[in-house]
Structure formats: structure tokens, C-alpha cells
$ cat entry.txt   # compact mmCIF, C-alpha atoms
# COMPACT_ATOMS: atom_id res chain seq x y z
CA MET A 1289 0.00 0.00 0.00
CA SER A 1290 1.46 3.34 -1.01
CA VAL A 1291 -0.23 6.70 -0.60
CA THR A 1292 1.18 10.16 -1.18
CA ALA A 1293 -0.54 12.95 0.72
CA VAL A 1294 -0.34 16.63 0.04
CA ASN A 1295 1.36 18.36 2.98
CA PRO A 1296 1.35 15.44 5.47
CA ARG A 1297 1.58 16.53 9.10
CA PHE A 1298 3.58 13.46 10.14
CA ASN A 1299 5.47 10.47 8.77
CA PRO A 1300 3.14 7.42 8.73
CA GLY A 1301 5.94 4.84 8.76
CA ARG A 1302 5.02 1.56 7.12
CA LEU A 1303 1.45 1.53 5.74
CA MET A 1304 -0.45 -1.66 6.52
CA ILE A 1305 -4.01 -2.96 6.25
CA THR A 1306 -5.57 -5.97 7.95
CA ARG A 1307 -6.91 -8.74 5.75
CA ASN A 1308 -10.49 -8.09 6.91
CA ALA A 1309 -10.21 -4.40 6.06
CA LYS A 1310 -8.63 -5.15 2.70
CA ASP A 1311 -11.48 -7.52 1.84
CA ALA A 1312 -14.27 -5.22 3.10
CA LEU A 1313 -13.18 -1.72 2.10
CA PRO A 1314 -12.97 -0.15 -1.35
CA HIS A 1315 -9.33 0.61 -2.19
CA THR A 1316 -10.10 4.15 -3.39
CA GLU A 1317 -11.91 5.00 -0.13
CA VAL A 1318 -9.01 3.63 1.94
CA ASP A 1319 -6.54 5.73 -0.05
CA ALA A 1320 -8.65 8.85 0.43
CA ALA A 1321 -8.96 8.20 4.18
CA ILE A 1322 -5.20 7.70 4.56
CA LYS A 1323 -4.60 11.03 2.83
CA ARG A 1324 -7.08 12.68 5.21
CA HIS A 1325 -5.41 11.03 8.22
CA LEU A 1326 -1.96 12.27 7.13
CA ARG A 1327 -3.31 15.80 6.74
CA GLY A 1328 -4.73 15.71 10.29
CA ASP A 1329 -8.37 15.28 9.26
CA TRP A 1330 -9.30 12.72 11.89
CA GLY A 1331 -12.62 11.85 10.30
CA ASP A 1332 -15.48 10.98 12.62
CA VAL A 1333 -13.68 10.99 15.97
CA CYS A 1334 -15.38 12.79 18.83
CA PRO A 1335 -14.05 16.28 19.66
CA SER A 1336 -12.07 15.06 22.68
CA ASP A 1337 -10.29 12.40 20.57
CA GLY A 1338 -9.54 15.06 17.97
CA ARG A 1339 -7.88 17.16 20.67
CA LEU A 1340 -5.93 14.10 21.85
CA ASN A 1341 -4.66 13.60 18.29
CA GLU A 1342 -3.53 17.22 18.09
CA ASP A 1343 -1.67 16.77 21.40
CA ALA A 1344 -0.22 13.48 20.09
CA LEU A 1345 1.24 15.26 17.07
CA ARG A 1346 3.27 17.45 19.43
CA GLU A 1347 4.06 14.85 22.08
CA GLY A 1348 4.63 11.76 19.92
CA ASP A 1349 1.66 9.67 21.02
CA ARG A 1350 -0.60 7.37 18.99
CA LEU A 1351 -2.90 8.89 16.36
CA PHE A 1352 -6.40 7.52 15.85
CA SER A 1353 -8.91 8.33 13.09
CA VAL A 1354 -12.38 6.99 12.32
CA TYR A 1355 -13.89 6.92 8.84
CA HIS A 1356 -16.91 5.42 7.12
CA THR A 1357 -17.18 4.14 3.57
CA GLN A 1358 -19.95 5.41 1.31
CA ASP A 1359 -21.82 2.23 2.28
CA GLY A 1360 -21.50 3.07 5.98
CA VAL A 1361 -18.78 0.59 6.94
CA LYS A 1362 -16.77 1.99 9.85
CA PHE A 1363 -12.99 1.63 9.81
CA TRP A 1364 -10.09 2.98 11.78
CA ILE A 1365 -6.62 4.23 10.96
CA ILE A 1366 -4.04 4.07 13.74
CA THR A 1367 -0.51 5.45 13.61
CA GLU A 1368 1.85 4.10 16.25
CA SER A 1369 3.36 6.54 18.73
CA ASP A 1370 6.87 6.01 17.34
CA ARG A 1371 5.49 6.64 13.79
CA SER A 1372 6.88 3.28 12.66
CA ALA A 1373 3.57 2.10 11.19
CA THR A 1374 0.07 3.17 10.23
CA THR A 1375 -2.61 0.49 10.06
CA VAL A 1376 -6.06 0.48 8.46
CA LEU A 1377 -8.40 -1.88 10.28
CA LEU A 1378 -11.99 -2.65 11.08
CA PRO A 1379 -13.09 -2.21 14.70
CA SER A 1380 -13.55 -5.99 14.90
CA ASP A 1381 -9.82 -6.42 14.08
CA TYR A 1382 -8.73 -4.54 17.20

$ encode --input "entry.txt" --output "C-alpha cells"
Amino acid sequence: MSVTAVNPRFNPGRLMITRNAKDALPHTEVDAAIKRHLRGDWGDVCPSDGRLNEDALREGDRLFSVYHTQDGVKFWIITESDRSATTVLLPSDY
């Protein structure tokens, strides 16, 4: 998986996707969500989680975004605190 974002706010490390997410999610929607995540558009997280992500950008903690496909399937994108990896997954994969 390879995605180039315009003006990313952080290095995503290695991009990964779980098998379940790969099978369930349209590739184009995953790519778009990763680009949003890298720009700091955290998707459908609650306001307090959005603030935690902004703090995490400064302090080096984990980043967490929530997105939905056009068909309403919820999925997450998580970037590790050390920025070594970013994973796309379904909530059931966690």
C-alpha cells in the first residue's frame, strides 16, 4: 500500500491494512482516508479524541482516526506513537 498525501503533518511509517479491512473496504476509499489522516483530518472521531490527536502530534503519542465508507462501513486508521507504522483496520480487528 502506497499513498502520497499533500502536505502530510507526520510520517506514517510503514502503511499496513488488515486482511479483513482489505477484503471489506474499497481501495479508493481507503486511499482517500489515509490522505485525510496524514493531513490531520481525523474523520469521525469525537471532539475530545480530535484534541488528543492534536496533542499526540506534538508529544509523539498514537494517532487515531475513524472513517466510514460510502456504504456506511466503519474503519479505523491508527498510527503508532513512534510513527513506525500506520494500520487500516476494522473495529472488529482490534

$ residues_around --input "entry.txt" --residues "Gly1338 in chain A" --least-positions-apart "6" --cutoff "12 Å" --atoms "all atoms listed in the file" --output "number ranges by chain"
A: 1325, 1328-1332, 1344-1345, 1350-1354

$ atom_distance --input "entry.txt" --atom1 "CA of Lys1310 in chain A" --atom2 "CA of Arg1339 in chain A"
28.7 Å

$ atom_distance --input "entry.txt" --atom1 "CA of Leu1303 in chain A" --atom2 "CA of Ile1366 in chain A"
10.0 Å

$ closest_residue --input "entry.txt" --among "A:Ser1369, A:Thr1375, A:Gln1358, A:Asn1295" --to "Lys1323 in chain A" --atoms "only C-alpha atoms"
A:Asn1295

$ closest_residue --input "entry.txt" --among "A:Leu1313, A:Ala1320, A:Arg1327, A:Met1304" --to "Asn1341 in chain A" --atoms "only C-alpha atoms"
A:Arg1327

$ closest_residue --input "entry.txt" --among "A:Asp1381, A:Leu1326, A:Glu1342, A:Thr1367" --to "Arg1297 in chain A" --atoms "all atoms listed in the file"
A:Leu1326

$ atom_distance --input "entry.txt" --atom1 "CA of Glu1317 in chain A" --atom2 "CA of Leu1340 in chain A"
24.5 Å

$ closest_residue --input "entry.txt" --among "A:His1315, A:Arg1346, A:Arg1324, A:Arg1307" --to "Ser1380 in chain A" --atoms "all atoms listed in the file"
A:Arg1307

$ closest_residue --input "entry.txt" --among "A:Ile1365, A:Cys1334, A:Thr1374, A:Thr1306" --to "Ala1321 in chain A" --atoms "all atoms listed in the file"
A:Ile1365

$ closest_residue --input "entry.txt" --among "A:Val1318, A:Asp1349, A:Asp1343, A:Phe1298" --to "Trp1364 in chain A" --atoms "only C-alpha atoms"
A:Val1318
